[in-house]
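Scroll down for the structure; my scribbles are underneath it.
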Amino acid sequence: MEKVQSGYVIEFYSNSCLVRIIDADINCIAIKDVIVGDFVNIEIVQDSKQVKGIILSREPRISVLEKKDEIKTKAIAANVTHVGILVTPEPKTSTEFIDKWIVTAILSGITPFIINNKIDLNQDDNYQSKLNIYKNLDIKLIEISAKNKSNLDELIKYLESDCVVFVGNSGAGKSTLTTSITGKKIKTNVLSNNQGVHTTSISSLYETNKGTKIIDSPGVRDLPIAGWDKEEIIRGFSEIFLISKDCKFNDCNHINNEGCAVKAALNDGVISESRYNNFINFRDNNENE
């Protein structure tokens, strides 16, 4: 085995990580600013018990998914190409949740798409109307049942050779979907202390035989919209951003200013009411999901 090798981080713990190279997974001492999905260069160190590694450097990232609030920013997944937003009739998925992730993905240089999961359940007209909002925006939508493994081929083909993070409310089927695609269950560590036993998740990267990487991280389960600049938020609502260029004033607030093209488009039904309301809410109130 060559002493210096290249690979990518597939698991991250508190002070160490697991790096996958061509022919092995190597436990490595973690360095600052390395997260799951990072491509790294490592030095192999052989001791009497096992092969270990030391991370020498990290390659530049094509993207980074971050947990941002008004005080700090924490990177949680690197080199992600897609965010798959699981939408379900039960538990109900709000447009606030969907739009929060669309905004986060777009502003992070990542492609968002929607996974309509649980197609085996009843999906009424209100639910279909919600999905149509995003179909009309040309956001990719794939309909599946993770539990029954229905239509997974389309999803697998769409994500071939890409890196995805699945997001959804508790009970939306993220773990079931990852297991259905990879055949591997989400890992958890059982820890004990003087208060009893509890579980904590680790950040992990799973792979399919089609070259798709799926990153599961506890950091993406509750991602606030706060932390993005107000001027950035509108770019996450692409249709509103495009129409805003026709406003009479460059500093239009898109609420009550004269000559607002956004309000006119809203009144004409060109912009959906939920998208407009979420845009104003995210921009002006920074309310978390």
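We label chains A, B, ... in the order they appear in the structure tokens, count residues from 1 in each chain, and number ligands from 1 in the order shown.
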Within 9 Å of region 5-10 of chain A, which residues of region 158-271 of chain A come that close, and what is the closest atom pair and distance in Å for each? Count only C-alpha atoms and give it as a tab-separated table.
residue	atom	partner	partner_atom	distance
A:Ser203	CA	A:Ile10	CA	7.9
A:Ser204	CA	A:Ile10	CA	5.5
A:Leu205	CA	A:Ile10	CA	4.6
A:Tyr206	CA	A:Ile10	CA	7.3
A:Ile215	CA	A:Ile10	CA	8.3
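Summary of the local environment: counting only C-alpha atoms, residues at most 12 Å from region 243-259 of chain A, other than itself and those fewer than 6 positions away along its chain, are Lys230, Glu231, Ile234, Arg235, Phe237, Ala265, Leu266, Asn267, Val270, Ile271, Tyr276, Asn277, Phe279, Ile280, Asn281, Arg283 and Asp284 of chain A.
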Written file, previous selection with N, CA and C atoms, as a PDB file, in the first residue's frame:
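Resulting contents of selection_29.pdb:
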ATOM      1  N   LYS A 230     -30.552  39.222   4.155  1.00  0.00           N
ATOM      2  CA  LYS A 230     -31.876  39.502   3.587  1.00  0.00           C
ATOM      3  C   LYS A 230     -31.806  39.683   2.075  1.00  0.00           C
ATOM      4  N   GLU A 231     -30.710  40.273   1.607  1.00  0.00           N
ATOM      5  CA  GLU A 231     -30.557  40.498   0.173  1.00  0.00           C
ATOM      6  C   GLU A 231     -30.355  39.188  -0.582  1.00  0.00           C
ATOM      7  N   ILE A 234     -33.963  36.486  -1.594  1.00  0.00           N
ATOM      8  CA  ILE A 234     -34.770  36.561  -2.812  1.00  0.00           C
ATOM      9  C   ILE A 234     -34.185  35.700  -3.927  1.00  0.00           C
ATOM     10  N   ARG A 235     -32.863  35.494  -3.942  1.00  0.00           N
ATOM     11  CA  ARG A 235     -32.248  34.670  -4.978  1.00  0.00           C
ATOM     12  C   ARG A 235     -32.655  33.202  -4.850  1.00  0.00           C
ATOM     13  N   PHE A 237     -35.687  32.341  -4.285  1.00  0.00           N
ATOM     14  CA  PHE A 237     -37.017  32.297  -4.903  1.00  0.00           C
ATOM     15  C   PHE A 237     -36.838  32.792  -6.335  1.00  0.00           C
ATOM     16  N   ALA A 265     -47.518  40.580 -10.097  1.00  0.00           N
ATOM     17  CA  ALA A 265     -47.496  39.170 -10.503  1.00  0.00           C
ATOM     18  C   ALA A 265     -48.249  38.300  -9.512  1.00  0.00           C
ATOM     19  N   LEU A 266     -48.173  38.663  -8.231  1.00  0.00           N
ATOM     20  CA  LEU A 266     -48.922  37.936  -7.210  1.00  0.00           C
ATOM     21  C   LEU A 266     -50.423  38.096  -7.444  1.00  0.00           C
ATOM     22  N   ASN A 267     -50.853  39.303  -7.688  1.00  0.00           N
ATOM     23  CA  ASN A 267     -52.273  39.578  -7.922  1.00  0.00           C
ATOM     24  C   ASN A 267     -52.784  38.905  -9.189  1.00  0.00           C
ATOM     25  N   VAL A 270     -49.408  34.857 -11.136  1.00  0.00           N
ATOM     26  CA  VAL A 270     -48.160  34.377 -11.731  1.00  0.00           C
ATOM     27  C   VAL A 270     -47.236  33.821 -10.651  1.00  0.00           C
ATOM     28  N   ILE A 271     -47.238  34.462  -9.495  1.00  0.00           N
ATOM     29  CA  ILE A 271     -46.493  33.989  -8.329  1.00  0.00           C
ATOM     30  C   ILE A 271     -47.489  33.384  -7.349  1.00  0.00           C
ATOM     31  N   TYR A 276     -44.827  33.601  -2.153  1.00  0.00           N
ATOM     32  CA  TYR A 276     -44.658  35.013  -1.802  1.00  0.00           C
ATOM     33  C   TYR A 276     -44.612  35.195  -0.289  1.00  0.00           C
ATOM     34  N   ASN A 277     -45.550  34.564   0.418  1.00  0.00           N
ATOM     35  CA  ASN A 277     -45.607  34.707   1.880  1.00  0.00           C
ATOM     36  C   ASN A 277     -44.348  34.160   2.533  1.00  0.00           C
ATOM     37  N   PHE A 279     -41.381  33.953   1.145  1.00  0.00           N
ATOM     38  CA  PHE A 279     -40.294  34.883   0.819  1.00  0.00           C
ATOM     39  C   PHE A 279     -40.271  36.062   1.790  1.00  0.00           C
ATOM     40  N   ILE A 280     -41.411  36.689   1.998  1.00  0.00           N
ATOM     41  CA  ILE A 280     -41.480  37.837   2.904  1.00  0.00           C
ATOM     42  C   ILE A 280     -41.148  37.403   4.335  1.00  0.00           C
ATOM     43  N   ASN A 281     -41.670  36.247   4.741  1.00  0.00           N
ATOM     44  CA  ASN A 281     -41.422  35.738   6.090  1.00  0.00           C
ATOM     45  C   ASN A 281     -39.938  35.456   6.312  1.00  0.00           C
ATOM     46  N   ARG A 283     -37.365  36.597   4.623  1.00  0.00           N
ATOM     47  CA  ARG A 283     -36.548  37.798   4.478  1.00  0.00           C
ATOM     48  C   ARG A 283     -36.665  38.731   5.678  1.00  0.00           C
ATOM     49  N   ASP A 284     -37.897  38.935   6.147  1.00  0.00           N
ATOM     50  CA  ASP A 284     -38.129  39.987   7.132  1.00  0.00           C
ATOM     51  C   ASP A 284     -38.179  39.497   8.584  1.00  0.00           C
TER      52      ASP A 284
END
- Task: Would you list the contacts of region 26-43 of chain A as number ranges by chain, taking every protein, DNA or RNA residue within 6 Å and counting only C-alpha atoms, but skipping same-chain residues closer than 4 positions in sequence?
- Result: A: 3-11, 15-19, 52-59, 77-79
- Task: Could you jot down the CA of Phe166 (chain A) to CA of Ser217 (chain A) separation for me, Å, one decimal place?
- Result: 9.6 Å
- Any chance you could list, as a list in words, the residues in region 69-115 of chain A that come up alpha helix (DSSP H) when DSSP is run on the backbone?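 Filtering region 69-115 of chain A down to alpha helix (DSSP H) leaves Thr95, Glu96, Phe97, Ile98, Asp99, Lys100, Trp101, Ile102, Val103, Thr104, Ala105, Ile106 and Leu107 of chain A.
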Close residues, Thr182 (chain A) itself excluded, 12 Å, only C-alpha atoms, min 5 positions apart in chain, as a short mmCIF file (atom, residue, chain, number, x, y, z; two decimals) with C-alpha atoms, in the first residue's frame:
data_model
loop_
_atom_site.label_atom_id
_atom_site.label_comp_id
_atom_site.auth_asym_id
_atom_site.auth_seq_id
_atom_site.Cartn_x
_atom_site.Cartn_y
_atom_site.Cartn_z
CA ALA A 146 -39.65 4.16 -0.19
CA LYS A 149 -39.62 0.37 -3.15
CA LEU A 152 -36.89 3.88 -7.07
CA ILE A 156 -31.48 6.10 -8.76
CA SER A 175 -33.86 6.42 6.65
CA THR A 176 -36.22 4.03 4.85
CA LEU A 177 -35.29 5.56 1.51
CA LEU A 205 -21.74 8.64 3.55
CA TYR A 206 -23.38 5.66 1.84
CA GLU A 207 -22.81 4.53 -1.74
CA THR A 208 -24.82 2.66 -4.35
CA ASN A 209 -23.55 0.43 -7.12
CA LYS A 210 -24.46 3.24 -9.53
CA GLY A 211 -21.91 5.56 -7.99
CA THR A 212 -24.42 7.65 -6.05
CA LYS A 213 -23.27 9.01 -2.70
CA ILE A 214 -25.87 9.65 0.02
CA ILE A 215 -24.81 11.75 3.00
#
